[in-house]
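The file data-v5.pdb contains PDB, C-alpha atoms and all ligand atoms:
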MODEL        1
ATOM      1  CA  MET A 119      64.886  85.585 115.508
ATOM      2  CA  SER A 120      65.264  87.491 118.764
ATOM      3  CA  ASP A 121      62.210  87.834 120.999
ATOM      4  CA  VAL A 122      62.183  91.617 120.583
ATOM      5  CA  VAL A 123      61.205  91.065 116.930
ATOM      6  CA  PRO A 124      57.604  89.869 116.574
ATOM      7  CA  ASP A 125      56.940  87.391 113.790
ATOM      8  CA  LEU A 126      55.914  89.536 110.833
ATOM      9  CA  SER A 127      57.005  87.027 108.232
ATOM     10  CA  ALA A 128      53.509  86.756 106.771
ATOM     11  CA  VAL A 129      53.252  90.525 106.260
ATOM     12  CA  PRO A 130      54.100  91.604 102.703
ATOM     13  CA  PHE A 131      57.254  93.717 102.329
ATOM     14  CA  GLU A 132      55.185  96.527 100.781
ATOM     15  CA  SER A 133      52.995  96.710 103.904
ATOM     16  CA  LEU A 134      56.053  96.983 106.132
ATOM     17  CA  VAL A 135      57.355  99.864 104.018
ATOM     18  CA  ALA A 136      53.939 101.574 104.058
ATOM     19  CA  GLU A 137      53.862 101.287 107.849
ATOM     20  CA  MET A 138      57.363 102.746 108.087
ATOM     21  CA  ILE A 139      56.287 105.724 105.966
ATOM     22  CA  ARG A 140      53.281 106.196 108.249
ATOM     23  CA  ARG A 141      55.433 106.100 111.375
ATOM     24  CA  CYS A 142      57.797 108.639 109.887
ATOM     25  CA  GLY A 143      54.834 110.984 109.611
ATOM     26  CA  ASP A 144      53.675 110.750 106.009
ATOM     27  CA  ASP A 145      50.706 109.215 104.234
ATOM     28  CA  PRO A 146      51.649 106.180 102.119
ATOM     29  CA  SER A 147      48.334 106.390 100.255
ATOM     30  CA  ARG A 148      48.864 109.883  98.865
ATOM     31  CA  GLU A 149      49.414 110.126  95.135
ATOM     32  CA  GLY A 150      53.179 110.609  95.102
ATOM     33  CA  MET A 151      53.810 107.710  97.454
ATOM     34  CA  VAL A 152      51.218 105.157  96.562
ATOM     35  CA  LYS A 153      53.691 103.093  94.521
ATOM     36  CA  THR A 154      56.625 103.764  96.827
ATOM     37  CA  PRO A 155      56.380 100.518  98.852
ATOM     38  CA  GLU A 156      56.530  98.502  95.623
ATOM     39  CA  ARG A 157      59.484 100.562  94.341
ATOM     40  CA  VAL A 158      61.304 100.231  97.672
ATOM     41  CA  LYS A 159      60.837  96.464  97.593
ATOM     42  CA  LYS A 160      62.388  96.247  94.113
ATOM     43  CA  ALA A 161      65.216  98.627  95.011
ATOM     44  CA  TRP A 162      66.068  96.689  98.165
ATOM     45  CA  GLU A 163      65.984  93.377  96.358
ATOM     46  CA  PHE A 164      68.652  94.778  94.048
ATOM     47  CA  LEU A 165      70.677  96.395  96.839
ATOM     48  CA  THR A 166      70.866  93.100  98.725
ATOM     49  CA  HIS A 167      71.168  90.625  95.845
ATOM     50  CA  GLY A 168      74.636  89.630  97.036
ATOM     51  CA  TYR A 169      73.078  87.351  99.664
ATOM     52  CA  GLY A 170      72.217  84.851  96.973
ATOM     53  CA  LEU A 171      75.752  84.651  95.551
ATOM     54  CA  THR A 172      79.001  82.843  96.365
ATOM     55  CA  PRO A 173      82.592  83.551  95.195
ATOM     56  CA  LYS A 174      82.128  80.710  92.727
ATOM     57  CA  ASP A 175      79.211  82.580  91.124
ATOM     58  CA  ALA A 176      81.323  85.727  90.898
ATOM     59  CA  ILE A 177      84.475  84.152  89.488
ATOM     60  CA  GLY A 178      83.061  81.183  87.577
ATOM     61  CA  ASP A 179      85.626  79.427  85.430
ATOM     62  CA  ALA A 180      87.686  82.542  84.788
ATOM     63  CA  LEU A 181      90.863  81.168  86.373
ATOM     64  CA  PHE A 182      93.966  80.819  84.236
ATOM     65  CA  GLU A 183      97.339  79.115  84.646
ATOM     66  CA  GLU A 184      99.974  81.823  84.497
ATOM     67  CA  HIS A 185     103.487  82.062  85.856
ATOM     68  CA  HIS A 186     103.393  85.808  86.330
ATOM     69  CA  GLN A 187     104.937  86.537  89.746
ATOM     70  CA  SER A 188     104.371  90.287  90.072
ATOM     71  CA  MET A 189     101.526  92.134  91.686
ATOM     72  CA  VAL A 190      98.205  92.387  89.861
ATOM     73  CA  LEU A 191      96.213  95.421  91.019
ATOM     74  CA  VAL A 192      92.666  96.299  90.011
ATOM     75  CA  ARG A 193      92.200  99.835  91.217
ATOM     76  CA  ASP A 194      89.199 102.137  91.635
ATOM     77  CA  ILE A 195      86.412  99.548  91.590
ATOM     78  CA  ASP A 196      83.166 101.414  92.255
ATOM     79  CA  LEU A 197      81.405 100.213  95.346
ATOM     80  CA  TYR A 198      77.905 100.790  96.714
ATOM     81  CA  SER A 199      76.811  99.131  99.920
ATOM     82  CA  MET A 200      74.416  99.565 102.844
ATOM     83  CA  CYS A 201      75.644  99.952 106.408
ATOM     84  CA  GLU A 202      74.163  97.325 108.669
ATOM     85  CA  HIS A 203      73.782  99.736 111.589
ATOM     86  CA  HIS A 204      71.557 102.350 109.918
ATOM     87  CA  LEU A 205      70.560 100.756 106.593
ATOM     88  CA  LEU A 206      71.960 103.810 104.842
ATOM     89  CA  PRO A 207      74.350 103.688 101.903
ATOM     90  CA  PHE A 208      78.090 103.850 101.979
ATOM     91  CA  PHE A 209      79.963 104.184  98.723
ATOM     92  CA  GLY A 210      83.428 104.636  97.347
ATOM     93  CA  LYS A 211      86.197 102.629  95.743
ATOM     94  CA  ALA A 212      87.849  99.299  96.334
ATOM     95  CA  HIS A 213      91.375  98.370  95.256
ATOM     96  CA  VAL A 214      92.121  94.664  95.010
ATOM     97  CA  ALA A 215      95.628  93.281  94.520
ATOM     98  CA  TYR A 216      97.324  89.921  94.637
ATOM     99  CA  VAL A 217     100.628  88.307  93.833
ATOM    100  CA  PRO A 218      99.825  85.134  91.866
ATOM    101  CA  ASN A 219     101.137  81.718  92.617
ATOM    102  CA  GLY A 220     100.556  79.964  89.299
ATOM    103  CA  ARG A 221      96.984  81.163  88.795
ATOM    104  CA  ILE A 222      95.330  84.445  87.879
ATOM    105  CA  MET A 223      91.669  85.387  87.617
ATOM    106  CA  GLY A 224      89.926  87.359  84.885
ATOM    107  CA  LEU A 225      90.350  91.086  85.544
ATOM    108  CA  SER A 226      86.624  91.777  85.744
ATOM    109  CA  LYS A 227      86.239  89.176  88.485
ATOM    110  CA  ALA A 228      87.653  91.381  91.236
ATOM    111  CA  ALA A 229      84.869  93.861  90.511
ATOM    112  CA  ARG A 230      82.279  91.099  90.631
ATOM    113  CA  LEU A 231      83.583  89.903  94.008
ATOM    114  CA  VAL A 232      83.433  93.434  95.386
ATOM    115  CA  ASP A 233      79.866  93.810  94.158
ATOM    116  CA  MET A 234      78.776  90.463  95.541
ATOM    117  CA  TYR A 235      79.886  91.355  99.085
ATOM    118  CA  ALA A 236      78.829  95.001  98.841
ATOM    119  CA  ARG A 237      75.245  94.096  97.918
ATOM    120  CA  ARG A 238      74.425  93.024 101.446
ATOM    121  CA  PHE A 239      74.137  94.808 104.766
ATOM    122  CA  GLN A 240      77.735  95.433 105.678
ATOM    123  CA  VAL A 241      80.332  97.130 107.776
ATOM    124  CA  GLN A 242      83.281  98.369 105.776
ATOM    125  CA  GLU A 243      85.818  96.400 107.829
ATOM    126  CA  ARG A 244      84.109  93.060 107.150
ATOM    127  CA  LEU A 245      83.550  93.920 103.505
ATOM    128  CA  SER A 246      87.328  94.388 103.056
ATOM    129  CA  GLU A 247      88.061  91.111 104.875
ATOM    130  CA  GLU A 248      85.496  89.110 102.904
ATOM    131  CA  ILE A 249      86.844  90.297  99.552
ATOM    132  CA  ALA A 250      90.425  89.473 100.601
ATOM    133  CA  GLN A 251      89.435  86.049 101.920
ATOM    134  CA  ALA A 252      87.531  85.172  98.730
ATOM    135  CA  VAL A 253      90.572  85.982  96.556
ATOM    136  CA  TRP A 254      92.822  84.107  98.988
ATOM    137  CA  ASP A 255      90.637  80.980  98.934
ATOM    138  CA  THR A 256      89.800  81.002  95.244
ATOM    139  CA  ILE A 257      93.135  81.514  93.504
ATOM    140  CA  GLN A 258      95.474  80.640  96.378
ATOM    141  CA  PRO A 259      97.929  83.426  95.578
ATOM    142  CA  GLN A 260     101.149  84.321  97.412
ATOM    143  CA  GLY A 261      99.350  87.259  98.939
ATOM    144  CA  VAL A 262      96.272  89.477  98.756
ATOM    145  CA  GLY A 263      95.636  93.104  99.644
ATOM    146  CA  VAL A 264      92.324  94.942  99.668
ATOM    147  CA  VAL A 265      91.771  98.612 100.441
ATOM    148  CA  VAL A 266      88.299 100.137 100.629
ATOM    149  CA  GLU A 267      87.789 103.904 100.741
ATOM    150  CA  ALA A 268      84.210 104.964 101.393
ATOM    151  CA  TYR A 269      81.879 107.761 102.401
ATOM    152  CA  HIS A 270      79.113 106.809 104.814
ATOM    153  CA  LEU A 271      75.788 108.593 104.505
ATOM    154  CA  CYS A 272      75.005 107.658 108.105
ATOM    155  CA  MET A 273      77.900 109.927 109.087
ATOM    156  CA  MET A 274      77.267 112.608 106.484
ATOM    157  CA  MET A 275      73.474 113.006 106.812
ATOM    158  CA  ARG A 276      73.067 112.530 110.526
ATOM    159  CA  GLY A 277      75.000 112.382 113.757
ATOM    160  CA  VAL A 278      78.332 114.109 113.508
ATOM    161  CA  GLN A 279      77.669 115.332 109.920
ATOM    162  CA  LYS A 280      81.279 115.099 108.903
ATOM    163  CA  GLN A 281      80.781 115.804 105.225
ATOM    164  CA  ASN A 282      84.199 114.974 103.927
ATOM    165  CA  SER A 283      85.551 112.297 106.175
ATOM    166  CA  LYS A 284      86.401 109.221 104.220
ATOM    167  CA  THR A 285      86.872 105.890 105.966
ATOM    168  CA  ILE A 286      89.746 103.717 104.770
ATOM    169  CA  THR A 287      89.989 100.046 105.677
ATOM    170  CA  SER A 288      92.362  97.351 104.526
ATOM    171  CA  ALA A 289      92.686  93.580 104.687
ATOM    172  CA  MET A 290      95.828  91.615 103.836
ATOM    173  CA  ARG A 291      96.797  87.981 103.507
ATOM    174  CA  GLY A 292     100.071  86.100 102.923
ATOM    175  CA  SER A 293     102.969  88.079 101.453
ATOM    176  CA  PHE A 294     101.120  91.370 101.940
ATOM    177  CA  LEU A 295     101.325  90.742 105.690
ATOM    178  CA  GLU A 296     104.781  89.204 105.747
ATOM    179  CA  ASN A 297     106.617  91.412 103.314
ATOM    180  CA  PRO A 298     106.642  95.155 104.076
ATOM    181  CA  SER A 299     107.852  96.081 100.596
ATOM    182  CA  THR A 300     104.910  94.259  98.957
ATOM    183  CA  ARG A 301     102.489  95.963 101.319
ATOM    184  CA  ASP A 302     104.092  99.372 100.736
ATOM    185  CA  GLU A 303     103.994  98.950  96.972
ATOM    186  CA  PHE A 304     100.308  98.046  97.150
ATOM    187  CA  LEU A 305      99.388 100.971  99.406
ATOM    188  CA  ARG A 306     101.399 103.406  97.317
ATOM    189  CA  LEU A 307      99.806 102.216  94.065
ATOM    190  CA  SER A 308      96.271 102.101  95.405
ATOM    191  CA  LEU A 309      96.193 105.198  97.595
ATOM    192  CA  GLY A 310      98.701 107.313  95.680
ATOM    193  CA  SER A 311      97.698 110.163  93.424
ATOM    194  CA  HIS A 312      95.561 109.363  90.420
ATOM    195  CA  SER A 313      97.224 107.808  87.454
ATOM    196  CA  PRO A 314      98.052 109.981  84.412
ATOM    197  CA  LEU A 315      95.201 108.268  82.545
ATOM    198  CA  TYR A 316      92.633 110.632  84.039
TER     199      TYR A 316
HETATM  200 ZN    ZN A 401      75.882 103.442 109.604
ENDMDL
END

Turn the structure described in the file into structure tokens.
Ligand SMILES: [Zn+2]
Amino acid sequence: MSDVVPDLSAVPFESLVAEMIRRCGDDPSREGMVKTPERVKKAWEFLTHGYGLTPKDAIGDALFEEHHQSMVLVRDIDLYSMCEHHLLPFFGKAHVAYVPNGRIMGLSKAARLVDMYARRFQVQERLSEEIAQAVWDTIQPQGVGVVVEAYHLCMMMRGVQKQNSKTITSAMRGSFLENPSTRDEFLRLSLGSHSPLY
């Protein structure tokens, strides 16, 4: 802990929230807010539950032998995270792809990996890298690509107030770095227009 942060570890979370409300100019004991510190504590426990999880928890035993050699893409995974600079939400979609090398993972597992890393304080760049690295380490594919597209409330509600600017980040491993046609196929499929399904 840095010396600019006094040791408040014995202070209950609810008291810290009440003090924050007070410093923002409101009265945490008024009727509408009296339960707010308790609600905030529960909400934040949920929003940061990814700290307790590892890729093994997210993927479990859902790995299968499979000699499929073409790209597997799970597109449009909903994502909600909290920026580590302002503790405000950023949200959007993640697209996770890999080219297998003898092993595939259950399709729902990409979404669980995204959620596990999103439910922490994050920056979008690291979030993309962590998801890619977890797929890379867990199933040891020929390559991995991750694209995250997100809106940041810290940009939209304050500061520059750019309402519609979406931030796009990507992280690649293996054949997605080495082979331009693999990378292009991934980017076209993930960032291209919406599929005819909806
Ligand atoms: Zn921010």

Requested in this report: Specify as a VMD selection string each residue included when the PyMOL selection byres (((chain A and resi 249) around 12) and not hetatm) is applied to this file.
Outcome: chain A and resid 172 to 173 176 212 to 216 227 to 236 242 to 248 250 to 256 262 to 266 287 to 291

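The contact shell of ligand ZN 401 (chain A), defined as all polymer residues within 6 Å when only C-alpha atoms and all ligand atoms are used, comprises Cys201, His203, His204 and Cys272 of chain A.
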
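The nearest approach to A:His186 among the residues A:Ala161, A:Met200, A:Met223, A:Leu206, with all atoms listed in the file taken into account, belongs to A:Met223.
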
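One finds atom CA of A:Asp175 at 13.3 Å from atom CA of A:Gly224.
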
**Report entry** For atom CA of A:Asn282 and atom CA of A:Leu305, the interatomic separation in Å (one decimal)
**Finding:** 21.1 Å

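Among the candidates A:Phe182, A:Phe131, A:Phe239, A:Phe294, the one nearest to A:Pro207 when counting all atoms listed in the file is A:Phe239.
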
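When atom CA of A:Leu197 is paired with atom CA of A:Leu225, their separation reads 16.1 Å.
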
Report task. Can you pull out every residue within 8 Å of A:Ser188, counting all atoms listed in the file, but drop anything in the same chain fewer than 2 positions away, and send it as a list in words? Result -> His186, Val190, Val217 and Pro218 of chain A

Any chance you could export the current selection's C-alpha atoms as a PDB file, keeping the file's coordinate frame?
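Just written: result.pdb:
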ATOM      1  CA  HIS A 186     103.393  85.808  86.330  1.00  0.00           C
ATOM      2  CA  VAL A 190      98.205  92.387  89.861  1.00  0.00           C
ATOM      3  CA  VAL A 217     100.628  88.307  93.833  1.00  0.00           C
ATOM      4  CA  PRO A 218      99.825  85.134  91.866  1.00  0.00           C
TER       5      PRO A 218
END

Query raised in the report: Can you tell me, as a PyMOL selection string, what residues are no more than 7 Å from A:Glu202 when counting only C-alpha atoms, ignoring any on the same chain fewer than 3 positions away?
Result: chain A and resi 205+239-241

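Counting all atoms listed in the file and comparing A:Val158, A:Val129, A:Ile139, A:Ile286, the residue that lies closest to A:Ser308 is A:Ile286.
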
Query raised in the report: Excluding same-chain residues fewer than 2 positions from stretch 209-211 of chain A, what lies within 6 Å of it counting only C-alpha atoms, as an NGL selection string?
Result: :A and (194-198 or 266-269)

Query raised in the report: With all atoms listed in the file as the atoms that count, which of A:His270, A:Arg276, A:Arg193, A:Lys159 lies nearest to A:Leu309?
Result: A:Arg193

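Considering the residues A:Leu171, A:Val122, A:Ile222, A:Val135 and counting all atoms listed in the file, A:Met189 has its shortest atom-to-atom contact with A:Ile222.
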